[in-house]
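*Asks:* Dropping in target27.cif, with mmCIF, C-alpha atoms.
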```cif
data_data
loop_
_atom_site.label_atom_id
_atom_site.label_comp_id
_atom_site.auth_asym_id
_atom_site.auth_seq_id
_atom_site.Cartn_x
_atom_site.Cartn_y
_atom_site.Cartn_z
CA MET O 16 -14.47 -232.14 52.88
CA SER O 17 -11.11 -233.60 51.90
CA GLN O 18 -9.13 -233.20 48.72
CA ILE O 19 -8.66 -236.34 46.67
CA ILE O 20 -5.08 -237.44 46.00
CA ASP O 21 -5.15 -238.44 42.34
CA GLY O 22 -2.89 -241.48 42.00
CA LYS O 23 -3.43 -241.63 38.25
CA ALA O 24 -2.14 -238.08 37.77
CA VAL O 25 0.85 -238.52 40.10
CA SER O 26 1.77 -241.88 38.53
CA ALA O 27 1.54 -240.32 35.05
CA SER O 28 4.07 -237.68 36.08
CA VAL O 29 6.45 -240.37 37.45
CA LYS O 30 6.16 -242.37 34.22
CA GLN O 31 6.80 -239.23 32.17
CA GLU O 32 10.02 -238.57 34.13
CA VAL O 33 11.11 -242.18 33.58
CA LYS O 34 10.24 -242.05 29.87
CA GLU O 35 12.29 -238.90 29.32
CA GLU O 36 15.29 -240.29 31.19
CA ALA O 37 15.08 -243.65 29.38
CA ALA O 38 15.00 -241.84 26.01
CA LYS O 39 18.10 -239.86 27.02
CA LEU O 40 19.94 -243.09 27.95
CA ARG O 41 19.08 -244.57 24.57
CA GLU O 42 20.18 -241.51 22.63
CA GLU O 43 23.33 -240.65 24.56
CA LYS O 44 24.56 -244.07 25.73
CA GLY O 45 22.83 -246.51 23.37
CA LEU O 46 21.33 -248.18 26.44
CA LYS O 47 17.89 -249.77 26.29
CA VAL O 48 16.40 -250.53 29.70
CA GLY O 49 15.06 -254.08 30.05
CA LEU O 50 12.70 -255.68 32.58
CA ALA O 51 12.14 -259.45 32.78
CA VAL O 52 8.84 -260.59 34.26
CA VAL O 53 8.43 -264.26 35.20
CA ILE O 54 4.99 -265.73 35.81
CA VAL O 55 4.42 -269.36 36.86
CA GLY O 56 1.00 -270.92 36.31
CA ASN O 57 -2.21 -269.19 35.30
CA ASN O 58 -3.43 -267.16 38.28
CA PRO O 59 -5.86 -264.67 36.62
CA ALA O 60 -4.96 -261.78 38.96
CA SER O 61 -1.24 -262.37 38.33
CA ARG O 62 -1.87 -262.36 34.59
CA VAL O 63 -3.58 -258.95 34.85
CA TYR O 64 -0.62 -257.56 36.82
CA VAL O 65 1.90 -258.94 34.34
CA ASN O 66 -0.01 -257.46 31.39
CA ASN O 67 -0.14 -254.08 33.15
CA LYS O 68 3.63 -254.21 33.73
CA LYS O 69 4.23 -254.99 30.05
CA LYS O 70 2.02 -252.05 29.03
CA ALA O 71 3.89 -249.75 31.42
CA CYS O 72 7.24 -250.88 29.95
CA GLU O 73 5.97 -250.04 26.48
CA ALA O 74 4.69 -246.64 27.64
CA VAL O 75 8.08 -245.59 29.08
CA GLY O 76 10.18 -247.10 26.30
CA PHE O 77 11.59 -250.15 28.10
CA GLN O 78 12.15 -253.57 26.58
CA SER O 79 10.02 -256.15 28.41
CA TYR O 80 10.83 -259.85 28.47
CA GLU O 81 8.05 -262.15 29.60
CA TYR O 82 8.67 -265.72 30.75
CA ALA O 83 5.33 -267.51 31.21
CA LEU O 84 6.06 -270.88 32.79
CA ASP O 85 3.79 -273.85 33.21
CA GLU O 86 2.06 -274.50 36.55
CA ASN O 87 4.16 -277.67 36.90
CA THR O 88 7.52 -275.92 36.51
CA THR O 89 9.86 -277.20 39.23
CA GLN O 90 11.65 -274.94 41.69
CA GLU O 91 14.93 -276.05 40.12
CA GLN O 92 13.79 -274.95 36.65
CA LEU O 93 12.66 -271.57 37.96
CA LEU O 94 15.97 -271.02 39.79
CA ASP O 95 17.86 -271.94 36.61
CA LEU O 96 15.92 -269.27 34.71
CA VAL O 97 16.60 -266.68 37.44
CA ASN O 98 20.33 -267.47 37.22
CA VAL O 99 20.28 -267.00 33.44
CA LEU O 100 18.52 -263.63 33.84
CA ASN O 101 20.99 -262.58 36.57
CA ARG O 102 23.79 -262.96 34.01
CA ASP O 103 21.95 -261.39 31.06
CA ASP O 104 23.19 -257.81 30.47
CA LYS O 105 20.04 -256.92 28.50
CA VAL O 106 17.96 -257.53 31.64
CA ASN O 107 18.28 -254.73 34.21
CA GLY O 108 15.40 -255.76 36.45
CA ILE O 109 13.94 -259.16 37.35
CA LEU O 110 10.46 -259.57 38.74
CA VAL O 111 9.02 -262.95 39.69
CA GLN O 112 5.26 -262.50 40.00
CA LEU O 113 3.90 -263.72 43.35
CA PRO O 114 2.16 -265.84 44.53
CA LEU O 115 4.02 -268.88 43.18
CA PRO O 116 2.52 -272.39 43.06
CA LYS O 117 2.62 -274.15 46.44
CA HIS O 118 5.46 -276.51 45.53
CA ILE O 119 7.86 -273.59 45.01
CA ASP O 120 9.39 -271.78 48.00
CA GLU O 121 9.01 -268.02 47.44
CA LYS O 122 11.82 -267.13 49.83
CA THR O 123 14.33 -269.31 47.98
CA VAL O 124 13.36 -267.74 44.65
CA ILE O 125 13.53 -264.15 45.96
CA ASN O 126 16.93 -264.84 47.52
CA ALA O 127 18.20 -266.15 44.16
CA ILE O 128 17.54 -262.85 42.35
CA SER O 129 20.61 -260.64 42.18
CA PRO O 130 20.10 -257.73 44.65
CA ASP O 131 21.22 -255.38 41.83
CA LYS O 132 18.30 -256.54 39.67
CA ASP O 133 15.76 -256.96 42.47
CA VAL O 134 13.44 -254.14 41.37
CA ASP O 135 10.72 -255.26 43.83
CA ALA O 136 13.22 -254.67 46.68
CA PHE O 137 12.27 -257.95 48.38
CA HIS O 138 15.79 -259.43 48.64
CA PRO O 139 17.15 -259.45 52.24
CA VAL O 140 20.12 -257.30 51.12
CA ASN O 141 17.78 -254.58 49.84
CA VAL O 142 15.51 -254.91 52.88
CA GLY O 143 18.55 -254.37 55.11
CA LYS O 144 19.62 -251.33 53.11
CA ILE O 145 16.16 -249.79 53.59
CA MET O 146 16.54 -250.35 57.34
CA ILE O 147 19.78 -248.33 57.49
CA GLY O 148 18.60 -245.72 54.99
CA ASP O 149 21.23 -246.52 52.34
CA TYR O 150 19.10 -247.93 49.54
CA ALA O 151 18.95 -247.98 45.76
CA PHE O 152 15.50 -249.50 45.42
CA LEU O 153 12.39 -249.11 47.52
CA PRO O 154 9.46 -251.53 47.58
CA CYS O 155 7.15 -250.11 44.94
CA THR O 156 3.99 -249.59 47.01
CA PRO O 157 5.60 -247.76 49.98
CA ALA O 158 7.67 -245.66 47.54
CA GLY O 159 4.45 -244.76 45.73
CA VAL O 160 2.79 -243.79 49.02
CA MET O 161 5.69 -241.44 49.81
CA ARG O 162 5.29 -239.79 46.44
CA LEU O 163 1.53 -239.34 47.02
CA ILE O 164 2.14 -237.73 50.43
CA GLU O 165 4.74 -235.45 48.84
CA SER O 166 2.19 -234.44 46.16
CA THR O 167 -0.03 -232.91 48.86
CA GLY O 168 2.77 -230.62 50.05
CA THR O 169 2.61 -232.24 53.51
CA LYS O 170 5.92 -232.23 55.39
CA ILE O 171 6.45 -235.54 57.20
CA ALA O 172 9.13 -234.30 59.64
CA GLY O 173 7.78 -234.08 63.18
CA LYS O 174 4.36 -235.45 62.25
CA GLN O 175 2.65 -238.33 64.05
CA CYS O 176 2.49 -241.13 61.45
CA VAL O 177 0.45 -244.29 62.02
CA VAL O 178 0.81 -247.35 59.77
CA ILE O 179 -1.82 -250.07 60.17
CA GLY O 180 -0.38 -253.35 58.91
CA ARG O 181 3.05 -254.92 59.38
CA SER O 182 3.63 -256.92 56.19
CA ASN O 183 7.13 -257.17 54.74
CA ILE O 184 5.88 -255.73 51.46
CA VAL O 185 4.06 -252.63 52.74
CA GLY O 186 3.78 -252.07 56.49
CA LYS O 187 7.38 -252.52 57.66
CA PRO O 188 9.14 -250.67 54.81
CA MET O 189 6.45 -247.96 54.98
CA ALA O 190 7.31 -247.34 58.63
CA MET O 191 11.02 -247.12 57.76
CA LEU O 192 10.48 -244.60 54.95
CA LEU O 193 8.37 -242.35 57.17
CA LEU O 194 11.05 -242.63 59.87
CA HIS O 195 13.80 -241.67 57.39
CA GLU O 196 11.78 -238.50 56.71
CA SER O 197 11.77 -237.74 60.47
CA GLY O 198 8.16 -238.76 61.10
CA THR O 199 7.26 -240.17 64.53
CA VAL O 200 5.99 -243.60 63.57
CA THR O 201 3.61 -246.05 65.24
CA VAL O 202 2.97 -249.42 63.61
CA CYS O 203 -0.39 -251.04 64.46
CA HIS O 204 -1.54 -254.60 63.81
CA SER O 205 -4.09 -257.21 64.89
CA LYS O 206 -2.78 -257.25 68.47
CA THR O 207 -2.77 -253.46 68.94
CA GLN O 208 -4.90 -252.30 71.85
CA ASN O 209 -6.96 -249.09 71.71
CA LEU O 210 -6.50 -248.86 67.94
CA LYS O 211 -9.04 -246.07 67.59
CA GLU O 212 -7.18 -243.87 70.09
CA VAL O 213 -3.87 -244.49 68.33
CA CYS O 214 -5.39 -243.61 64.94
CA LEU O 215 -6.95 -240.43 66.31
CA GLY O 216 -3.44 -239.20 67.09
CA ALA O 217 -2.27 -239.60 63.47
CA ASP O 218 -1.44 -236.62 61.27
CA ILE O 219 -0.63 -239.14 58.52
CA LEU O 220 -2.50 -242.47 58.47
CA VAL O 221 -1.44 -245.28 56.11
CA VAL O 222 -3.79 -248.29 56.11
CA ALA O 223 -2.67 -251.64 54.66
CA VAL O 224 -4.54 -254.47 56.39
CA GLY O 225 -6.53 -256.05 53.56
CA ARG O 226 -9.88 -255.72 55.34
CA ALA O 227 -12.71 -253.90 53.61
CA ASN O 228 -13.79 -250.60 55.20
CA PHE O 229 -11.79 -251.41 58.34
CA VAL O 230 -11.00 -247.79 59.28
CA THR O 231 -14.02 -245.52 59.73
CA GLY O 232 -14.34 -241.75 59.96
CA ASP O 233 -14.59 -241.77 63.76
CA MET O 234 -11.01 -243.17 63.89
CA ILE O 235 -9.56 -240.29 61.91
CA LYS O 236 -8.19 -237.03 63.28
CA GLU O 237 -9.63 -233.86 61.76
CA GLY O 238 -7.28 -232.75 58.94
CA ALA O 239 -5.24 -235.97 58.73
CA VAL O 240 -3.71 -237.20 55.47
CA VAL O 241 -5.19 -240.68 54.81
CA ILE O 242 -3.55 -243.17 52.44
CA ASP O 243 -5.56 -246.32 51.73
CA VAL O 244 -3.37 -249.15 50.39
CA GLY O 245 -6.16 -251.75 50.53
CA MET O 246 -7.92 -253.24 47.54
CA ASN O 247 -10.88 -255.46 48.41
CA ARG O 248 -13.77 -256.80 46.34
CA LEU O 249 -17.17 -256.68 48.02
CA ASP O 250 -19.90 -259.28 47.50
CA ASP O 251 -21.58 -257.03 44.94
CA GLY O 252 -18.36 -257.00 42.89
CA LYS O 253 -17.43 -253.41 43.77
CA LEU O 254 -13.88 -252.54 44.74
CA CYS O 255 -13.22 -250.78 48.02
CA GLY O 256 -10.26 -250.01 50.23
CA ASP O 257 -9.41 -250.63 53.87
CA VAL O 258 -10.83 -247.18 54.73
CA GLU O 259 -14.56 -246.48 54.74
CA TYR O 260 -14.35 -243.65 52.22
CA GLU O 261 -17.63 -241.76 52.81
CA SER O 262 -17.08 -241.18 56.51
CA ALA O 263 -13.30 -240.74 56.21
CA GLU O 264 -13.38 -238.02 53.59
CA LYS O 265 -15.42 -235.80 55.92
CA LYS O 266 -12.50 -235.75 58.37
CA ALA O 267 -9.33 -236.03 56.26
CA SER O 268 -7.58 -233.08 54.62
CA TYR O 269 -6.34 -235.39 51.84
CA ILE O 270 -7.41 -238.94 51.01
CA THR O 271 -6.64 -241.53 48.32
CA PRO O 272 -9.58 -243.11 46.49
CA VAL O 273 -9.86 -246.84 45.72
CA PRO O 274 -9.38 -247.55 42.89
CA GLY O 275 -7.22 -244.75 41.44
CA GLY O 276 -5.08 -243.94 44.48
CA VAL O 277 -2.13 -246.09 45.51
CA GLY O 278 -2.67 -248.78 42.81
CA PRO O 279 -1.36 -246.82 39.79
CA MET O 280 1.70 -245.71 41.79
CA THR O 281 3.01 -249.24 42.36
CA ILE O 282 3.74 -249.90 38.68
CA ALA O 283 5.07 -246.36 38.14
CA MET O 284 7.60 -246.87 40.96
CA LEU O 285 8.54 -250.28 39.50
CA MET O 286 9.48 -248.47 36.27
CA LYS O 287 11.53 -245.98 38.30
CA ASN O 288 13.36 -248.81 40.11
CA THR O 289 14.15 -250.53 36.81
CA LEU O 290 15.60 -247.30 35.41
CA THR O 291 17.71 -246.87 38.57
CA ALA O 292 18.97 -250.46 38.20
CA ALA O 293 19.97 -249.87 34.58
CA LYS O 294 21.88 -246.71 35.51
CA GLN O 295 23.68 -248.41 38.38
CA GLN O 296 24.64 -251.47 36.34
CA ASN O 297 26.16 -249.18 33.71
CA GLY O 298 28.00 -246.92 36.15
CA LEU O 299 25.68 -243.97 35.49
CA ALA O 300 24.11 -243.54 38.95
#
```
When written as structure tokens, how does the structure in this file appear?

*Replies:*
Amino acid sequence: MSQIIDGKAVSASVKQEVKEEAAKLREEKGLKVGLAVVIVGNNPASRVYVNNKKKACEAVGFQSYEYALDENTTQEQLLDLVNVLNRDDKVNGILVQLPLPKHIDEKTVINAISPDKDVDAFHPVNVGKIMIGDYAFLPCTPAGVMRLIESTGTKIAGKQCVVIGRSNIVGKPMAMLLLHESGTVTVCHSKTQNLKEVCLGADILVVAVGRANFVTGDMIKEGAVVIDVGMNRLDDGKLCGDVEYESAEKKASYITPVPGGVGPMTIAMLMKNTLTAAKQQNGLA
């Protein structure tokens, strides 16, 4: 029977670290950390995420600036706002909530955010820095996964690590971070042959494919650390991950639950990135 990796507890400890450091910056340097969140339109899921980010800012003592724009906002108007925020010294981090309405090109908007304020780490400059291992910010979800693995006491060096999923937001940066820690990394995707055999070789298995209960217990090596990044809603309204939990937990040494595993870490790491940005912009990092 595996041990559960408690994402809520680990994320609480990250937020506590950030809160203490932010308080110190305020007291010693008079610096208040600020995060600007831009949301376009009224996607209900996006609204939930934005509210959660605002709450997290409050909890760690950051100033949060919300810009809720109309669904019909033009790309030009959004880019103008991003340029204003790039120049605003009170704003240390800029986050444009995705997805954007169809008439706005996400790539153009991401590229317009100053790499120094790109706390999602989506800008090509920051992506390139992750590739060479010389980064300031890490994409929040992969960074959260690394922290969860660390919380188990598992050493990544020399381990066989398998990442299922090759998205720019999770799969690719995840592979890079495991590689930087000297893991031997295999990235699997929809065209991978003999997926079960590949998974059975994994000491550390990170699953981010967005398909409910995709990985089952018979694909997991005895004693593996299993991190489930997926969040899917079943027909009965229940949430589940990409890993079939009941069968997987019989094989894994450690496993993340859904919900309560990777999810809470993403916002905690966003707070950490925003703090890092503030320190760098003020010559304190």

*Asks:* Can you tell me which residues surround Leu220 of chain O at a distance of at most 7 Å, considering all atoms listed in the file, apart from same-chain residues fewer than 3 positions away, and format the answer as a ChimeraX atom specification?

*Replies:* /O:176-178,217,240-242

*Asks:* Mind telling me what the PyMOL selection byres ((chain O and resi 288-291) around 6) catches here, as a PDB file with C-alpha atoms, keeping the file's coordinate frame?

*Replies:*
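Here's the written file result-v3.pdb:
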```
ATOM      1  CA  GLY O 108      15.400-255.760  36.450  1.00  0.00           C
ATOM      2  CA  VAL O 134      13.440-254.140  41.370  1.00  0.00           C
ATOM      3  CA  PHE O 152      15.500-249.500  45.420  1.00  0.00           C
ATOM      4  CA  LEU O 285       8.540-250.280  39.500  1.00  0.00           C
ATOM      5  CA  MET O 286       9.480-248.470  36.270  1.00  0.00           C
ATOM      6  CA  LYS O 287      11.530-245.980  38.300  1.00  0.00           C
ATOM      7  CA  ALA O 292      18.970-250.460  38.200  1.00  0.00           C
ATOM      8  CA  ALA O 293      19.970-249.870  34.580  1.00  0.00           C
ATOM      9  CA  LYS O 294      21.880-246.710  35.510  1.00  0.00           C
TER      10      LYS O 294
END
```

*Asks:* Could you state which residues are captured by the PyMOL selection byres ((chain O and resi 279) around 10) in this file, as a PDB file with C-alpha atoms, in the coordinates of the input?

*Replies:*
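The file below, out.pdb, is the result:
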```
ATOM      1  CA  ASP O  21      -5.150-238.440  42.340  1.00  0.00           C
ATOM      2  CA  GLY O  22      -2.890-241.480  42.000  1.00  0.00           C
ATOM      3  CA  LYS O  23      -3.430-241.630  38.250  1.00  0.00           C
ATOM      4  CA  ALA O  24      -2.140-238.080  37.770  1.00  0.00           C
ATOM      5  CA  VAL O  25       0.850-238.520  40.100  1.00  0.00           C
ATOM      6  CA  SER O  26       1.770-241.880  38.530  1.00  0.00           C
ATOM      7  CA  ALA O  27       1.540-240.320  35.050  1.00  0.00           C
ATOM      8  CA  ASN O  67      -0.140-254.080  33.150  1.00  0.00           C
ATOM      9  CA  THR O 156       3.990-249.590  47.010  1.00  0.00           C
ATOM     10  CA  GLY O 159       4.450-244.760  45.730  1.00  0.00           C
ATOM     11  CA  PRO O 274      -9.380-247.550  42.890  1.00  0.00           C
ATOM     12  CA  GLY O 275      -7.220-244.750  41.440  1.00  0.00           C
ATOM     13  CA  GLY O 276      -5.080-243.940  44.480  1.00  0.00           C
ATOM     14  CA  VAL O 277      -2.130-246.090  45.510  1.00  0.00           C
ATOM     15  CA  GLY O 278      -2.670-248.780  42.810  1.00  0.00           C
ATOM     16  CA  MET O 280       1.700-245.710  41.790  1.00  0.00           C
ATOM     17  CA  THR O 281       3.010-249.240  42.360  1.00  0.00           C
ATOM     18  CA  ILE O 282       3.740-249.900  38.680  1.00  0.00           C
ATOM     19  CA  ALA O 283       5.070-246.360  38.140  1.00  0.00           C
ATOM     20  CA  MET O 284       7.600-246.870  40.960  1.00  0.00           C
TER      21      MET O 284
END
```

*Asks:* State, in Å with one decimal place, the distance from atom CA of Ser262 of chain O to atom CA of Ile235 of chain O.

*Replies:*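 According to the coordinates, atom CA of Ser262 of chain O and atom CA of Ile235 of chain O are separated by 9.3 Å.
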
*Asks:* Can you give me, as a list in words, the residues this file yields under the PyMOL selection byres ((chain O and resi 212) around 12)?

*Replies:*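 Listing what the PyMOL selection byres ((chain O and resi 212) around 12) selects in the shown file: Val177, Cys203, Thr207, Gln208, Asn209, Leu210, Lys211, Val213, Cys214, Leu215, Gly216, Ala217, Asp233, Met234, Ile235 and Lys236 of chain O.
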
*Asks:* Which residue is closest to Leu96 of chain O? Choose from O:Ile128, O:Tyr269, O:Lys117, O:Lys69 and count all atoms listed in the file.

*Replies:* O:Ile128

*Asks:* Between O:Asp149, O:Asp243, O:Glu43, O:Asp95, which one has atoms that come closest to Cys255 of chain O, using only C-alpha atoms?

*Replies:*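 Comparing O:Asp149, O:Asp243, O:Glu43, O:Asp95 against Cys255 of chain O, the winner is O:Asp243.
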
*Asks:* Record the distance separating atom CA of Gly76 of chain O and atom CA of Leu113 of chain O, expressed in Å with one decimal.

*Replies:*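 Rounded to one decimal, the two atoms are 24.6 Å apart.
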
*Asks:* Atom CA of Leu94 of chain O and atom CA of Asn297 of chain O are how many Å apart?

*Replies:*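 Straight-line distance from atom CA of Leu94 of chain O to atom CA of Asn297 of chain O works out to 24.9 Å.
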
*Asks:* Please determine the residues with any atom at most 9 Å from (9.0, -253.3, 55.9) (coordinates as given in the file, with only C-alpha atoms counting) and report them as a PDB file with C-alpha atoms, in the frame of the given file.

*Replies:*
```pdb
ATOM      1  CA  VAL O 142      15.510-254.910  52.880  1.00  0.00           C
ATOM      2  CA  ILE O 145      16.160-249.790  53.590  1.00  0.00           C
ATOM      3  CA  MET O 146      16.540-250.350  57.340  1.00  0.00           C
ATOM      4  CA  PRO O 154       9.460-251.530  47.580  1.00  0.00           C
ATOM      5  CA  PRO O 157       5.600-247.760  49.980  1.00  0.00           C
ATOM      6  CA  ARG O 181       3.050-254.920  59.380  1.00  0.00           C
ATOM      7  CA  SER O 182       3.630-256.920  56.190  1.00  0.00           C
ATOM      8  CA  ASN O 183       7.130-257.170  54.740  1.00  0.00           C
ATOM      9  CA  ILE O 184       5.880-255.730  51.460  1.00  0.00           C
ATOM     10  CA  VAL O 185       4.060-252.630  52.740  1.00  0.00           C
ATOM     11  CA  GLY O 186       3.780-252.070  56.490  1.00  0.00           C
ATOM     12  CA  LYS O 187       7.380-252.520  57.660  1.00  0.00           C
ATOM     13  CA  PRO O 188       9.140-250.670  54.810  1.00  0.00           C
ATOM     14  CA  MET O 189       6.450-247.960  54.980  1.00  0.00           C
ATOM     15  CA  ALA O 190       7.310-247.340  58.630  1.00  0.00           C
ATOM     16  CA  MET O 191      11.020-247.120  57.760  1.00  0.00           C
ATOM     17  CA  LEU O 192      10.480-244.600  54.950  1.00  0.00           C
TER      18      LEU O 192
END
```

*Asks:* Taking all atoms of segment 195-206 of chain O that appear in the file, build a box with edges along x, y and z, extend it by 5 Å on every side, and state its centre and edge lengths in Å to one decimal, as AutoDock Vina command-line options.

*Replies:*
```
--center_x 4.9 --center_y -247.5 --center_z 62.6 --size_x 27.9 --size_y 29.5 --size_z 21.8
```

*Asks:* Counting all atoms listed in the file, which residue out of O:Cys155, O:Asp120, O:Asn87, O:Leu50 sits closest to Asn101 of chain O?

*Replies:* O:Leu50

*Asks:* Can you tell me which residues surround Leu93 of chain O at a distance of at most 9 Å, considering only C-alpha atoms, apart from same-chain residues fewer than 3 positions away, and format the answer as a list of chain:residue names?

*Replies:*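 Non-adjacent residues within range: O:Val53, O:Val55, O:Leu84, O:Thr88, O:Thr89, O:Gln90, O:Leu96, O:Val97, O:Asn98, O:Ile119, O:Val124.
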
*Asks:* With C-alpha atoms retained, could you export that selection as a tab-separated table (two decimals), keeping the file's coordinate frame?

*Replies:*
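The result, stored in again_23.tsv:
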```
chain	number	residue	atom	x	y	z
O	53	VAL	CA	8.43	-264.26	35.20
O	55	VAL	CA	4.42	-269.36	36.86
O	84	LEU	CA	6.06	-270.88	32.79
O	88	THR	CA	7.52	-275.92	36.51
O	89	THR	CA	9.86	-277.20	39.23
O	90	GLN	CA	11.65	-274.94	41.69
O	96	LEU	CA	15.92	-269.27	34.71
O	97	VAL	CA	16.60	-266.68	37.44
O	98	ASN	CA	20.33	-267.47	37.22
O	119	ILE	CA	7.86	-273.59	45.01
O	124	VAL	CA	13.36	-267.74	44.65
```
